[in-house]
Amino acid sequence: MSLLHIKDLRLGFKTLAGQVDVLHGIDLDIAAGEKIALVGESGSGKSVTARIVLGLLQETRTARINGTVQFDGQDINSMSARDRATLRGTEMSIIFQDPTSSLNPMFTIGNQFTEVLRRRDPKLSKADSHVRATTLLDEVAIPDPARVLRAYPFQLSGGMNQRVMIAMALANKPKLLLADEPGTALDVSVQAQTLTLMRDMVVQNGTSVLFISHNLGVVREFADRIYVIYRGNIVEDGPTDALFANPQHAYTRALMSAVPRITGVGIPEVPEVSDDFLAPRISHGDAL
Amino acid sequence: MIRTLRILAANPLSLLGLTLVILITLAAIFAPWIAPFPTHNGAVVDFLNNNRPPSSHNWMGTDLVGRDIFSRILFAYQISLTLGVVVLAIAVPIGTMIGLLAGYIGGWLEMVLMRIVDVFLSIPPLVLAIAMMGVLEPTLTNAMLAVTAMWWPWYARLVYSIARGEREEGYVLAAEVIGAGAGHIAFREILPNCLPAIITKMTLDMGFVIIIASSLSFLGLGVQPPTADLGSMVAEGARYLPDSWWLTVFPGLAILVAVFGFNLLGDGLRDVLGVDE
Amino acid sequence: MSGFLRLLLNRLGISLIVLVGVSMLIFAIARIIPGDPARIALGPNANAEQIAKLRAEMHLDASLPVQYGHFVVDVLRGDLGTSLYTNRPVTQDIAQFLPATLELVFLAGFIMVAVGLPLGILAAHYRGRWQDHLVRVIALLTVSAPAFVWAVILMLLFAFYLPLFPIAGRISDIYDIERTTGFLTIDTLLAGNWTAFGSAVHHLILPAIALSLSGIGQAARLTRANMVETYDKPYIEMAQAYGFFPSRIARSYAFKPSLIPSLTIIGLDFAAMLGNAFLVEAVFAWPGLSRYGVAVILRKDLNAIMGTVLIIAITFLIVNIIVDLMIAFLNPRIRYSTRGTS
C-alpha cells in the first residue's frame, strides 16, 4: 500500500467572478521510501497539491477540494482541522523555496528548533532540545552547531539556512517530506550541494519525498519517479529513466528541450501553449 | 472615479460612511432652510422654553437660553466642515510641495526641510494648536490658522516618504535619462503616485480636523459664543450633567457621527486605492 | 561600539537638534502675540512704570535674536521665568502639576497597549471574518470622537447613572498624603496607606480610560494591518506547515515581527495623549499640567505657556527615544548589527 494515495483530486477557488478550477482530477501515489517528483511550470497546480497534502489549503475558506488524499491510510480531506495539524511537523514536513525567509527573523535558530522538536515531544526541555538539535545540525554537516543555534537566520548564509531547514524538516523523522522548489533562491552550486545532502539524508532515513519543481534537470538526479503536471492535469508519469529515455507527451518533450545545460539554472523556456499539451495522460507504469 | 465609487459602495461600511458624509454635508449647506429654528444659530433667547429635554417640538431639547439644540448642531456642522475644508485646502498643497522638494531634490534641502518638519511633529498636534490659540485671539480665522500650522508637516512627511522611494524607481530614472526637467518629474511623474495616499489621508483628516477644532472650542480657545460650535456646546453643557444630559450628549454624538462617517469613508478608500496604513 | 549604543547616541543627537528647533518654534509662537506682551500680562490697570519694568525683565526691548538668546540661557539655567498667574517660578508650578498628568497618561498608555494590541492580534487572526469586522468598527468608533466626548459619556454612564467611579479629583478629600514624588499612587504606597492608594487608583481609572480610547483604536488598527502583512510572509506558512497552534502563531510568530513597525506609531499616539490630557483633565477636574496650561493660556501668561509647551515637547522627545531604544532592543537585526544602522 502506498504512503500517499491521491485519487481524482479536484480543487477550485471561489472568487467574486465564480469558481476558478485549478486541479482537474489528479492521481498520484508515493510508496514508502520512494522519491517522487511533480514537475510543471508555475501555475500548473503543483504547489497547491503540496498544500492540500499538508492540509493547509483545507483551512482556506475559498478553496473547494474534492477527491481522495490518503496519507498512511487516513483520509486527509475528511479529517478534522486539529487532526490534520497533528500530522504536520510530525508525520510530514516541508522545505520551502527560500530558506532564509522561511525562518522567523525574530527568533534564534535554537528557539525555532525547540519549537519543531516539541511538535513530537511536547515536554522536551530546552537543554535536551539543544542537545538533539546539535546532533541534527552535525548530521547536515554544519560546523559549530552551538554557534548556529544561537544565531538569527539573517546572520547565516542562505546555504547554511538551507541545511538548517533540512535538519528541521527531518528532525521528527517524518514519513513524508514535501520539498517545494527547495533552494531555488540559492546560488546554483549551493543549491546542488544542499540537494545532494537532502537526497543522502532522506535515503538514510527512508523518508518518502514529494519533490516539486519546474526543472526536469534538477529532478532527474533526485527522483525515482516523475509526474508531469500541466494546467491541473497529470499529462505523463513514469520511472525517471523511462520517462527521460522515451518522453511521449508533447508537453514533457517541450519541458525537456527547455532543460538548461547546467543543473538548476533559471526557469526553462517552454513554448507558450500548444494544443498537443492538452493531449491525454501517458503512463509508463510503475518502477516498483 | 466611477469605478472607485462602485467598488466602495459594495462594502456596506464604506457605503454607510459615504452616506453619512453626504447627509452631513447637505445638512450643513442647507442648515438655514432645514433647521426647525433657523434663527437659533445666534444670540437668541427664549427663556420660556429653556433647558427642555428632547420632545416632538425640540428633537434634541433646548439649551440654557432656550435655543433648539438640533438646529444649532446643523449650523455647527457648517463651521466644522468649513474649517476642515479650509485647513486642508491650505495645508495639503503646502505640505505636498515641501515633501516633494525634500523627497525628490534631496541633499541639504531634504536635511533642512525634514528637520523643520520633525520639529513640528515633536509637539503633540493639539498642544501646538492650543499654544498658538493661547497667544492669538480666539476667532474662527485664528483657529483655522493654528490648525493649518500644525497640519502641513504631516503631509510633508507622507509625500516625502513616497517621493524618496519613487526617486530610485525605473520610470523616474528613465525620465531623467530622456532629459525631463525636475519640475516635470516631480509634478508629472512622482506626484500622481502620491495622490492615492494624499486623498485617503485627506478624507480621514476631515474627521481629525473636526476633532481638533472642536477640542479647541471645548477649551474655550476656538469659535466663541453665541456662534454654534459642537465643542463649545459640549463644554457649556458639561456643567449641567447629569440632569441636563441632552446639552452635552447630542453635540458630542454629532461630532462622533460626523467623524465616524469620514473615517469609514477614508478607511474604505484606503482599501480601494491600495494605500498602506 | 555596539549598535545599540551607537543608536542611542544617534537618537540623542537628533533629539537635541529637534529640541533647538522646538525652542525656536515656541519662542516664535510667543512673539506672534498681537500687542505688547507686558501690557497684556499686567492687565488694563497697570501704569507705565510697571510695564517698563516688566518689559525690561522680559528683555522685550532687545532685538529678537538677543531675546531668543536670553530665553535659551534662562532655560539652560533651569529658569522658565515667573508665572504671572500663580506668581511662582514656572518650574515650580510644572513640578507640582506634571506628576498628576504623567500618572494619568502612563495609565492610559498602559491601557492602550494592553487592550489595543490584543484587539489587533484578534482581528488579524480572524482576518476577513466577523471578529475582524467587529474590531474594525470598534476601532473606528473609538478614534471618531475627541477625548472630551468620551470623558463626558463615560462620566455620565459610570459616575452618574451607575455610580461606580468618582466624578472628579485625584483622591478622596479625607486622605492627607505627604507629596514626595507627586504621583499619588506612589506617595500613598510610600505612606503605607492602602485605602488611600485604592482611592487614588479608583479616581484614576475613568479619566485614564477616556484618555486611552482613541489610542486603543489606533493601536488595534495598526497592529492588525502590520500583522496581516506578516501573515503573508513565508515563515508564517512554514509555522503553519509545521503544525504550530494557530493561537501561538498569532501571539508569537506573527505578532513579534509586526510589533516593531507598530511601536513607532504607538509611541506617537502615547505622546498625543499629552495633548488629549488637556481635554480629559478639564472634564474630570483633574489637577494636572493641562488644567494649569489652559488656565495660563486664558490669562495670556507667556512664561507659563512657553514653559508648559517646552516641558511637553521634551517629554514627547524622551518618549520617542525610549520607543526607538525599545525597537532596537526587540529587533535582533539592530541588536546584532555592528554598523548600528537601523
# chains A, B, ... in the order shown; residues from 1 in each chain; ligands from 1
>>> residues_around(residues="segment 98-113 of chain A", least_positions_apart="4", cutoff="7 Å", atoms="only C-alpha atoms", output="PyMOL selection string")
(chain A and resi 117+130+133+148-154+158+161-162+165+168+183-185) or (chain C and resi 234-235+238+256-257+331-332)
>>> interface_residues(of="chain C", to="chain B", cutoff="7 Å", atoms="only C-alpha atoms", output="list in words")
Val18, Gly21, Val22, Ile29, Ala30, Ile33, Pro34, Leu140, Leu141, Ser144, Ala145, Pro146, Val149, Leu156, Phe160, Ala225, Ala271, Ala272, Leu274, Gly275, Ile297, Leu298, Lys300, Ile305, Ala313, Phe316 and Leu317 of chain C
>>> write_last_selection(atoms="C-alpha atoms", output="tab-separated table (two decimals), in the first residue's frame")
chain	number	residue	atom	x	y	z
C	18	VAL	CA	14.94	68.94	17.19
C	21	GLY	CA	14.14	73.78	16.71
C	22	VAL	CA	11.33	73.36	19.22
C	29	ILE	CA	4.78	81.44	18.83
C	30	ALA	CA	5.28	83.59	21.92
C	33	ILE	CA	1.16	87.62	20.20
C	34	PRO	CA	-0.57	90.77	18.99
C	140	LEU	CA	-13.06	53.33	14.02
C	141	LEU	CA	-15.64	54.38	16.60
C	144	SER	CA	-14.04	59.09	15.87
C	145	ALA	CA	-14.64	61.22	18.94
C	146	PRO	CA	-12.38	63.62	20.80
C	149	VAL	CA	-16.69	63.40	24.35
C	156	LEU	CA	-22.42	60.10	32.59
C	160	PHE	CA	-23.66	59.34	37.44
C	225	ALA	CA	-2.57	45.95	9.49
C	271	ALA	CA	2.67	61.29	23.12
C	272	ALA	CA	-0.55	62.61	21.60
C	274	LEU	CA	-0.18	64.58	26.47
C	275	GLY	CA	-2.32	66.84	24.28
C	297	ILE	CA	-3.40	80.44	28.34
C	298	LEU	CA	-6.66	82.15	29.21
C	300	LYS	CA	-2.01	85.12	28.36
C	305	ILE	CA	2.69	78.93	28.29
C	313	ALA	CA	7.82	68.69	23.90
C	316	PHE	CA	7.46	63.77	23.90
C	317	LEU	CA	11.08	63.54	22.75
>>> atom_distance(atom1="atom CA of Ile138 of chain C", atom2="atom CA of Tyr77 of chain B")
23.8 Å
>>> residues_around(residues="Gly159 of chain A", least_positions_apart="5", cutoff="9 Å", atoms="only C-alpha atoms", output="PyMOL selection string")
chain A and resi 99-100+164+183+186-187+190-191+193-194
>>> closest_atom_pairs(of="chain C", to="chain A", cutoff="10 Å", atoms="only C-alpha atoms", output="JSON lines")
{"residue": "C:Lys233", "atom": "CA", "partner": "A:Ser101", "partner_atom": "CA", "distance": 7.5}
{"residue": "C:Pro234", "atom": "CA", "partner": "A:Ser102", "partner_atom": "CA", "distance": 4.9}
{"residue": "C:Tyr235", "atom": "CA", "partner": "A:Ser102", "partner_atom": "CA", "distance": 4.0}
{"residue": "C:Ile236", "atom": "CA", "partner": "A:Ser102", "partner_atom": "CA", "distance": 7.6}
{"residue": "C:Glu237", "atom": "CA", "partner": "A:Ser102", "partner_atom": "CA", "distance": 7.9}
{"residue": "C:Met238", "atom": "CA", "partner": "A:Ser102", "partner_atom": "CA", "distance": 6.0}
{"residue": "C:Ala239", "atom": "CA", "partner": "A:Ser102", "partner_atom": "CA", "distance": 8.6}
{"residue": "C:Gln240", "atom": "CA", "partner": "A:Leu56", "partner_atom": "CA", "distance": 7.4}
{"residue": "C:Ala241", "atom": "CA", "partner": "A:Arg88", "partner_atom": "CA", "distance": 6.1}
{"residue": "C:Tyr242", "atom": "CA", "partner": "A:Gly89", "partner_atom": "CA", "distance": 3.9}
{"residue": "C:Gly243", "atom": "CA", "partner": "A:Arg88", "partner_atom": "CA", "distance": 4.7}
{"residue": "C:Phe244", "atom": "CA", "partner": "A:Arg119", "partner_atom": "CA", "distance": 7.5}
{"residue": "C:Phe245", "atom": "CA", "partner": "A:Ala85", "partner_atom": "CA", "distance": 8.0}
{"residue": "C:Pro246", "atom": "CA", "partner": "A:Ala85", "partner_atom": "CA", "distance": 9.6}
{"residue": "C:Ser252", "atom": "CA", "partner": "A:Met106", "partner_atom": "CA", "distance": 9.6}
{"residue": "C:Tyr253", "atom": "CA", "partner": "A:Asn104", "partner_atom": "CA", "distance": 7.2}
{"residue": "C:Ala254", "atom": "CA", "partner": "A:Asn104", "partner_atom": "CA", "distance": 9.0}
{"residue": "C:Lys256", "atom": "CA", "partner": "A:Met106", "partner_atom": "CA", "distance": 6.9}
{"residue": "C:Pro257", "atom": "CA", "partner": "A:Met106", "partner_atom": "CA", "distance": 6.3}
{"residue": "C:Leu330", "atom": "CA", "partner": "A:Met106", "partner_atom": "CA", "distance": 8.3}
{"residue": "C:Asn331", "atom": "CA", "partner": "A:Met106", "partner_atom": "CA", "distance": 6.9}
{"residue": "C:Pro332", "atom": "CA", "partner": "A:Met106", "partner_atom": "CA", "distance": 6.5}
{"residue": "C:Arg333", "atom": "CA", "partner": "A:Phe154", "partner_atom": "CA", "distance": 7.7}
{"residue": "C:Tyr336", "atom": "CA", "partner": "A:Gln155", "partner_atom": "CA", "distance": 8.7}
{"residue": "C:Ser337", "atom": "CA", "partner": "A:Gln155", "partner_atom": "CA", "distance": 9.5}
>>> select_by_dssp(residues="segment 44-185 of chain B", states="helix (DSSP H, G or I)", output="number ranges by chain")
B: 47-49, 69-105, 107-121, 125-135, 140-167, 170-177, 182-185
>>> residues_around(residues="segment 289-294 of chain C", least_positions_apart="3", cutoff="7 Å", atoms="only C-alpha atoms", output="NGL selection string")
:C and (94 or 97-98 or 101 or 277-278 or 281-282 or 297-298 or 305 or 308)
>>> residues_around(residues="segment 30-41 of chain A", least_positions_apart="2", cutoff="7 Å", atoms="only C-alpha atoms", output="list in words")
Ser2, Leu3, Leu4, His5, Leu28, Gly43, Ser44, Lys46, Gly206, Thr207, Ser208, Val209, Leu210, Phe211, Ile212, Ser213, His214, Asn215, Leu216, Val219, Ala223, Asp224, Arg225, Ile226, Tyr227, Val228, Ile229 and Tyr230 of chain A
>>> write_last_selection(atoms="N, CA and C atoms", output="PDB file, in the first residue's frame")
ATOM      1  N   SER A   2       0.414   2.256  -0.728  1.00  0.00           N
ATOM      2  CA  SER A   2       1.262   3.444  -0.812  1.00  0.00           C
ATOM      3  C   SER A   2       1.079   4.337   0.414  1.00  0.00           C
ATOM      4  N   LEU A   3       2.146   5.103   0.708  1.00  0.00           N
ATOM      5  CA  LEU A   3       2.109   6.023   1.853  1.00  0.00           C
ATOM      6  C   LEU A   3       1.157   7.175   1.570  1.00  0.00           C
ATOM      7  N   LEU A   4       1.268   7.711   0.330  1.00  0.00           N
ATOM      8  CA  LEU A   4       0.370   8.798  -0.072  1.00  0.00           C
ATOM      9  C   LEU A   4      -0.379   8.343  -1.314  1.00  0.00           C
ATOM     10  N   HIS A   5      -1.700   8.402  -1.217  1.00  0.00           N
ATOM     11  CA  HIS A   5      -2.522   7.956  -2.330  1.00  0.00           C
ATOM     12  C   HIS A   5      -3.486   9.084  -2.682  1.00  0.00           C
ATOM     13  N   LEU A  28      -2.037  10.361  -8.000  1.00  0.00           N
ATOM     14  CA  LEU A  28      -0.603  10.332  -7.688  1.00  0.00           C
ATOM     15  C   LEU A  28      -0.397   9.395  -6.505  1.00  0.00           C
ATOM     16  N   GLY A  43       2.014  27.864 -11.781  1.00  0.00           N
ATOM     17  CA  GLY A  43       0.607  27.952 -12.089  1.00  0.00           C
ATOM     18  C   GLY A  43       0.010  26.654 -12.585  1.00  0.00           C
ATOM     19  N   SER A  44       0.831  25.581 -12.651  1.00  0.00           N
ATOM     20  CA  SER A  44       0.315  24.309 -13.142  1.00  0.00           C
ATOM     21  C   SER A  44      -0.463  23.566 -12.066  1.00  0.00           C
ATOM     22  N   LYS A  46       1.114  22.530  -9.005  1.00  0.00           N
ATOM     23  CA  LYS A  46       1.948  21.627  -8.218  1.00  0.00           C
ATOM     24  C   LYS A  46       2.082  22.078  -6.760  1.00  0.00           C
ATOM     25  N   GLY A 206      15.046   6.752   5.104  1.00  0.00           N
ATOM     26  CA  GLY A 206      13.948   6.042   4.470  1.00  0.00           C
ATOM     27  C   GLY A 206      12.700   6.904   4.342  1.00  0.00           C
ATOM     28  N   THR A 207      12.877   8.220   4.215  1.00  0.00           N
ATOM     29  CA  THR A 207      11.743   9.138   4.117  1.00  0.00           C
ATOM     30  C   THR A 207      11.218   9.172   2.675  1.00  0.00           C
ATOM     31  N   SER A 208       9.900   9.160   2.530  1.00  0.00           N
ATOM     32  CA  SER A 208       9.314   9.380   1.204  1.00  0.00           C
ATOM     33  C   SER A 208       9.359  10.870   0.900  1.00  0.00           C
ATOM     34  N   VAL A 209       9.517  11.195  -0.390  1.00  0.00           N
ATOM     35  CA  VAL A 209       9.621  12.607  -0.748  1.00  0.00           C
ATOM     36  C   VAL A 209       8.679  12.930  -1.907  1.00  0.00           C
ATOM     37  N   LEU A 210       7.983  14.058  -1.758  1.00  0.00           N
ATOM     38  CA  LEU A 210       7.281  14.630  -2.900  1.00  0.00           C
ATOM     39  C   LEU A 210       8.028  15.910  -3.255  1.00  0.00           C
ATOM     40  N   PHE A 211       8.778  15.841  -4.354  1.00  0.00           N
ATOM     41  CA  PHE A 211       9.662  16.925  -4.752  1.00  0.00           C
ATOM     42  C   PHE A 211       8.977  17.726  -5.841  1.00  0.00           C
ATOM     43  N   ILE A 212       8.777  19.013  -5.575  1.00  0.00           N
ATOM     44  CA  ILE A 212       8.060  19.847  -6.531  1.00  0.00           C
ATOM     45  C   ILE A 212       9.034  20.777  -7.213  1.00  0.00           C
ATOM     46  N   SER A 213       9.001  20.773  -8.540  1.00  0.00           N
ATOM     47  CA  SER A 213       9.993  21.579  -9.257  1.00  0.00           C
ATOM     48  C   SER A 213       9.474  21.959 -10.630  1.00  0.00           C
ATOM     49  N   HIS A 214      10.058  23.003 -11.188  1.00  0.00           N
ATOM     50  CA  HIS A 214       9.754  23.357 -12.571  1.00  0.00           C
ATOM     51  C   HIS A 214      10.879  22.862 -13.478  1.00  0.00           C
ATOM     52  N   ASN A 215      11.875  22.217 -12.874  1.00  0.00           N
ATOM     53  CA  ASN A 215      13.121  21.958 -13.576  1.00  0.00           C
ATOM     54  C   ASN A 215      13.406  20.459 -13.667  1.00  0.00           C
ATOM     55  N   LEU A 216      13.201  19.897 -14.864  1.00  0.00           N
ATOM     56  CA  LEU A 216      13.416  18.450 -15.040  1.00  0.00           C
ATOM     57  C   LEU A 216      14.864  18.055 -14.774  1.00  0.00           C
ATOM     58  N   VAL A 219      15.391  17.443 -11.157  1.00  0.00           N
ATOM     59  CA  VAL A 219      14.604  16.296 -10.737  1.00  0.00           C
ATOM     60  C   VAL A 219      15.258  14.971 -11.149  1.00  0.00           C
ATOM     61  N   ALA A 223      14.851  12.077  -8.316  1.00  0.00           N
ATOM     62  CA  ALA A 223      13.607  11.332  -8.145  1.00  0.00           C
ATOM     63  C   ALA A 223      13.686   9.912  -8.701  1.00  0.00           C
ATOM     64  N   ASP A 224      12.928   8.998  -8.059  1.00  0.00           N
ATOM     65  CA  ASP A 224      12.755   7.658  -8.606  1.00  0.00           C
ATOM     66  C   ASP A 224      11.715   7.677  -9.722  1.00  0.00           C
ATOM     67  N   ARG A 225      10.696   8.483  -9.495  1.00  0.00           N
ATOM     68  CA  ARG A 225       9.606   8.546 -10.456  1.00  0.00           C
ATOM     69  C   ARG A 225       9.182   9.989 -10.646  1.00  0.00           C
ATOM     70  N   ILE A 226       8.626  10.281 -11.816  1.00  0.00           N
ATOM     71  CA  ILE A 226       8.272  11.659 -12.134  1.00  0.00           C
ATOM     72  C   ILE A 226       6.823  11.743 -12.594  1.00  0.00           C
ATOM     73  N   TYR A 227       6.137  12.755 -12.108  1.00  0.00           N
ATOM     74  CA  TYR A 227       4.823  13.110 -12.636  1.00  0.00           C
ATOM     75  C   TYR A 227       4.958  14.483 -13.293  1.00  0.00           C
ATOM     76  N   VAL A 228       4.473  14.595 -14.519  1.00  0.00           N
ATOM     77  CA  VAL A 228       4.491  15.896 -15.184  1.00  0.00           C
ATOM     78  C   VAL A 228       3.073  16.459 -15.134  1.00  0.00           C
ATOM     79  N   ILE A 229       2.975  17.684 -14.623  1.00  0.00           N
ATOM     80  CA  ILE A 229       1.656  18.292 -14.462  1.00  0.00           C
ATOM     81  C   ILE A 229       1.546  19.509 -15.366  1.00  0.00           C
ATOM     82  N   TYR A 230       0.386  19.647 -16.033  1.00  0.00           N
ATOM     83  CA  TYR A 230       0.163  20.794 -16.900  1.00  0.00           C
ATOM     84  C   TYR A 230      -1.273  21.271 -16.724  1.00  0.00           C
TER      85      TYR A 230
END
>>> closest_residue(among="B:Leu273, B:Met202, B:Leu158, B:Ile79", to="Leu230 of chain B", atoms="only C-alpha atoms")
B:Ile79
>>> residues_around(residues="segment 69-76 of chain C", least_positions_apart="5", cutoff="10 Å", atoms="only C-alpha atoms", output="compact mmCIF listing (two decimals) with C-alpha atoms, in the first residue's frame")
# COMPACT_ATOMS: atom_id res chain seq x y z
CA VAL C 20 16.73 73.52 19.49
CA SER C 23 12.71 76.15 21.39
CA MET C 24 12.78 78.44 18.33
CA PHE C 27 9.80 81.42 21.01
CA MET C 58 11.34 90.06 29.77
CA HIS C 59 14.09 91.64 27.59
CA ALA C 62 16.18 93.90 22.72
CA SER C 63 16.28 92.55 19.16
CA LEU C 64 14.59 89.20 18.51
CA GLY C 81 10.59 82.69 34.41
CA THR C 91 9.41 75.36 37.06
CA ASN C 303 6.28 82.44 30.57
CA GLY C 307 7.37 76.56 29.84
CA LEU C 310 8.56 73.13 26.27
